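A.B. asks: Let me begin by handing over the structure; questions about it come next.
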Amino acid sequence: MMQKEKKTVTDFQEKVYAAVKRIPQGKVTTYKLLAKEVRCKSSQAVGQALKRNPFAPMVPCHRVILSDLSIGGFAGQTHGEEITRKQMLLKQEGILFDNGKLCDIGQIHYS
DNA sequence: TCTGTGACCGCTG
DNA sequence: ACAGCGGCCACAG
């Protein structure tokens with residue numbers, strides 16, 4: 001029998017985190033693509049999962065960007081120094097941004 | 001149970 | 001190129 005445990009994280013979130021962890025280093029993905037991985041029609045729900053990301057250092061949420069190839073958000077902010085931090089993290093992964101847009105389109109991890 | 005909100009997406013003007 | 005609007009799903013209070 002399945003005892004109901006009080007899970008702070010829902011199955012949906014686990015699915016999202018699993019997909020993010022699947023992203024190879026030096027590559028990026030978009031919320032929409034990620035949503036596709038979890039069979040979700042809304043990428044916004046995916047964004048919420050990352051925002052609430054309880055596995056901050058465990059999940060490379062900085063590898064997730066907008067479908068518009070823009071940097072997106074980070075640390076719960078859509079703009080600010082934290083965003084610059086995200087850009088720097090990506091730079092260390094070998095991913096460069098140009099004027100807030102992804103420079104190397106070929107670095108996107110397609111499903 | 002209902003409502004508001006969000007690290008979004010796409011179209012239209 | 002930019003701004004506005006609606007739609008979409010999941011979560012918190």
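Chain identifiers are assigned as A, B, and so on, following the order in which chains appear in the structure tokens; residues are numbered from 1 within each chain, and ligands are numbered from 1 in order of appearance.
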Residues of chain B within 8 Å of chain A, using only C-alpha atoms (C1' of nucleotides), as JSON, numbers by chain?

C.D. replies: {"B": [6, 7, 8, 9]}

A.B. asks: Give me a file of those residues, with N, CA and C atoms (P, O5', C5', C4', C3', O3' and C1' of nucleotides), as an mmCIF file, in the first residue's frame.

C.D. replies:
```cif
data_model
loop_
_atom_site.group_PDB
_atom_site.id
_atom_site.type_symbol
_atom_site.label_atom_id
_atom_site.label_comp_id
_atom_site.auth_asym_id
_atom_site.auth_seq_id
_atom_site.Cartn_x
_atom_site.Cartn_y
_atom_site.Cartn_z
ATOM 1 P P DG B 6 4.059 37.958 -9.778
ATOM 2 O "O5'" DG B 6 4.792 36.772 -10.572
ATOM 3 C "C5'" DG B 6 5.431 35.732 -9.849
ATOM 4 C "C4'" DG B 6 5.824 34.604 -10.777
ATOM 5 C "C3'" DG B 6 6.558 35.082 -12.049
ATOM 6 O "O3'" DG B 6 7.703 34.265 -12.308
ATOM 7 C "C1'" DG B 6 4.696 33.750 -12.626
ATOM 8 P P DA B 7 9.102 34.697 -11.569
ATOM 9 O "O5'" DA B 7 10.149 34.343 -12.705
ATOM 10 C "C5'" DA B 7 10.440 35.276 -13.730
ATOM 11 C "C4'" DA B 7 11.295 34.593 -14.777
ATOM 12 C "C3'" DA B 7 10.618 33.414 -15.445
ATOM 13 O "O3'" DA B 7 10.943 33.376 -16.826
ATOM 14 C "C1'" DA B 7 12.597 32.685 -14.414
ATOM 15 P P DC B 8 10.122 34.318 -17.841
ATOM 16 O "O5'" DC B 8 9.151 33.232 -18.452
ATOM 17 C "C5'" DC B 8 9.526 31.867 -18.595
ATOM 18 C "C4'" DC B 8 8.723 31.235 -19.708
ATOM 19 C "C3'" DC B 8 8.996 31.844 -21.082
ATOM 20 O "O3'" DC B 8 9.124 30.826 -22.068
ATOM 21 C "C1'" DC B 8 6.697 31.977 -20.600
ATOM 22 P P DC B 9 9.398 31.241 -23.579
ATOM 23 O "O5'" DC B 9 7.940 31.175 -24.191
ATOM 24 C "C5'" DC B 9 7.253 29.925 -24.232
ATOM 25 C "C4'" DC B 9 6.174 29.957 -25.303
ATOM 26 C "C3'" DC B 9 6.651 30.543 -26.631
ATOM 27 O "O3'" DC B 9 6.164 29.764 -27.703
ATOM 28 C "C1'" DC B 9 4.862 31.825 -25.761
#
```

A.B. asks: Can you pull out the residues contacting DC11 in chain B? Cut-off 12 Å, using only C-alpha atoms (C1' of nucleotides), and skip same-chain residues under 3 positions away; I want them as a PyMOL selection string.

C.D. replies: chain C and resi 4-7

A.B. asks: Please run DSSP on the backbone and report, as a list in words, all residues within chain A that come out as strand (DSSP E).

C.D. replies: Thr29, Thr30, Val64, Ile65, Phe97, Asp98, Lys101 and Leu102 of chain A

A.B. asks: Can you tell me, as a ChimeraX atom specification, what residues are no more than 8 Å from Lys41 in chain A when counting only C-alpha atoms (C1' of nucleotides), ignoring any on the same chain fewer than 2 positions away?

C.D. replies: /A:35-36,39,43 /C:8-9

A.B. asks: Please identify the helix (DSSP H, G or I) residues within range 71-111 of chain A (assignment by DSSP from backbone atoms) and present them as a short mmCIF file (atom, residue, chain, number, x, y, z; two decimals) with C-alpha atoms, in the first residue's frame.

C.D. replies:
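part32.cif, freshly written:
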```
data_model
loop_
_atom_site.label_atom_id
_atom_site.label_comp_id
_atom_site.auth_asym_id
_atom_site.auth_seq_id
_atom_site.Cartn_x
_atom_site.Cartn_y
_atom_site.Cartn_z
CA GLU A 81 22.77 41.63 -11.06
CA GLU A 82 21.67 38.02 -10.64
CA ILE A 83 20.98 37.88 -14.34
CA THR A 84 24.50 39.04 -15.03
CA ARG A 85 25.68 36.26 -12.75
CA LYS A 86 23.74 33.76 -14.83
CA GLN A 87 25.34 35.09 -17.97
CA MET A 88 28.76 34.67 -16.42
CA LEU A 89 27.98 31.10 -15.43
CA LEU A 90 27.02 30.32 -19.00
CA LYS A 91 30.21 31.95 -20.19
CA GLN A 92 32.15 29.48 -18.08
CA ILE A 105 22.39 29.07 -31.58
CA GLY A 106 23.92 25.66 -32.25
CA GLN A 107 24.46 25.19 -28.54
#
```

A.B. asks: Residues within 7 Å of range 11-17 of chain A, please, as a PDB file with all heavy atoms, in the first residue's frame. Count only C-alpha atoms (C1' of nucleotides); anything in the same chain fewer than 2 positions from it doesn't count.

C.D. replies:
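Saved to selection.pdb:
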```pdb
ATOM      1  N   VAL A   9       7.930  18.482  -2.847  1.00  0.00           N
ATOM      2  CA  VAL A   9       8.094  18.644  -4.293  1.00  0.00           C
ATOM      3  C   VAL A   9       7.128  17.708  -5.005  1.00  0.00           C
ATOM      4  O   VAL A   9       7.041  16.530  -4.686  1.00  0.00           O
ATOM      5  CB  VAL A   9       9.539  18.316  -4.693  1.00  0.00           C
ATOM      6  CG1 VAL A   9       9.729  18.527  -6.181  1.00  0.00           C
ATOM      7  CG2 VAL A   9      10.507  19.185  -3.895  1.00  0.00           C
ATOM      8  N   ALA A  19      14.800  16.618 -16.173  1.00  0.00           N
ATOM      9  CA  ALA A  19      15.072  17.025 -17.556  1.00  0.00           C
ATOM     10  C   ALA A  19      16.205  18.047 -17.583  1.00  0.00           C
ATOM     11  O   ALA A  19      17.068  17.999 -18.453  1.00  0.00           O
ATOM     12  CB  ALA A  19      13.800  17.616 -18.158  1.00  0.00           C
ATOM     13  N   VAL A  20      16.214  18.946 -16.622  1.00  0.00           N
ATOM     14  CA  VAL A  20      17.265  19.966 -16.578  1.00  0.00           C
ATOM     15  C   VAL A  20      18.621  19.315 -16.304  1.00  0.00           C
ATOM     16  O   VAL A  20      19.623  19.676 -16.902  1.00  0.00           O
ATOM     17  CB  VAL A  20      16.956  21.010 -15.484  1.00  0.00           C
ATOM     18  CG1 VAL A  20      18.101  22.002 -15.345  1.00  0.00           C
ATOM     19  CG2 VAL A  20      15.659  21.729 -15.804  1.00  0.00           C
ATOM     20  N   LYS A  21      18.622  18.345 -15.424  1.00  0.00           N
ATOM     21  CA  LYS A  21      19.883  17.666 -15.097  1.00  0.00           C
ATOM     22  C   LYS A  21      20.408  16.887 -16.299  1.00  0.00           C
ATOM     23  O   LYS A  21      21.583  16.599 -16.401  1.00  0.00           O
ATOM     24  CB  LYS A  21      19.652  16.719 -13.912  1.00  0.00           C
ATOM     25  CG  LYS A  21      19.460  17.503 -12.625  1.00  0.00           C
ATOM     26  CD  LYS A  21      19.525  16.608 -11.409  1.00  0.00           C
ATOM     27  CE  LYS A  21      18.358  15.665 -11.353  1.00  0.00           C
ATOM     28  NZ  LYS A  21      18.272  15.022 -10.016  1.00  0.00           N
ATOM     29  N   VAL A  38       8.687  17.212 -20.495  1.00  0.00           N
ATOM     30  CA  VAL A  38       7.794  16.797 -19.407  1.00  0.00           C
ATOM     31  C   VAL A  38       6.356  16.673 -19.888  1.00  0.00           C
ATOM     32  O   VAL A  38       5.442  16.508 -19.096  1.00  0.00           O
ATOM     33  CB  VAL A  38       7.883  17.777 -18.231  1.00  0.00           C
ATOM     34  CG1 VAL A  38       9.284  17.799 -17.667  1.00  0.00           C
ATOM     35  CG2 VAL A  38       7.439  19.169 -18.646  1.00  0.00           C
ATOM     36  N   VAL A  46       6.839  25.349 -16.080  1.00  0.00           N
ATOM     37  CA  VAL A  46       8.227  24.901 -15.951  1.00  0.00           C
ATOM     38  C   VAL A  46       9.057  25.988 -15.280  1.00  0.00           C
ATOM     39  O   VAL A  46       9.865  25.715 -14.403  1.00  0.00           O
ATOM     40  CB  VAL A  46       8.814  24.569 -17.334  1.00  0.00           C
ATOM     41  CG1 VAL A  46      10.270  24.158 -17.228  1.00  0.00           C
ATOM     42  CG2 VAL A  46       7.997  23.459 -17.987  1.00  0.00           C
ATOM     43  N   ALA A  49       8.589  26.027 -11.620  1.00  0.00           N
ATOM     44  CA  ALA A  49       9.299  24.922 -10.960  1.00  0.00           C
ATOM     45  C   ALA A  49      10.752  25.309 -10.737  1.00  0.00           C
ATOM     46  O   ALA A  49      11.316  25.033  -9.683  1.00  0.00           O
ATOM     47  CB  ALA A  49       9.207  23.669 -11.817  1.00  0.00           C
ATOM     48  N   VAL A  59      20.564  21.386  -9.646  1.00  0.00           N
ATOM     49  CA  VAL A  59      19.974  21.540 -10.976  1.00  0.00           C
ATOM     50  C   VAL A  59      20.557  22.765 -11.684  1.00  0.00           C
ATOM     51  O   VAL A  59      20.459  23.868 -11.173  1.00  0.00           O
ATOM     52  CB  VAL A  59      18.443  21.689 -10.862  1.00  0.00           C
ATOM     53  CG1 VAL A  59      17.820  21.895 -12.229  1.00  0.00           C
ATOM     54  CG2 VAL A  59      17.855  20.473 -10.182  1.00  0.00           C
TER      55      VAL A  59
END
```

A.B. asks: Please measure the separation of CA of Thr29 in chain A and CA of Tyr110 in chain A, giving the value in Å to one decimal.

C.D. replies: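 Straight-line distance from CA of Thr29 in chain A to CA of Tyr110 in chain A works out to 7.1 Å.
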
A.B. asks: Would you mind reading off the distance between CA of Cys103 in chain A and CA of Pro24 in chain A, one decimal, in Å?

C.D. replies: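 Calculated distance between CA of Cys103 in chain A and CA of Pro24 in chain A is 17.9 Å.
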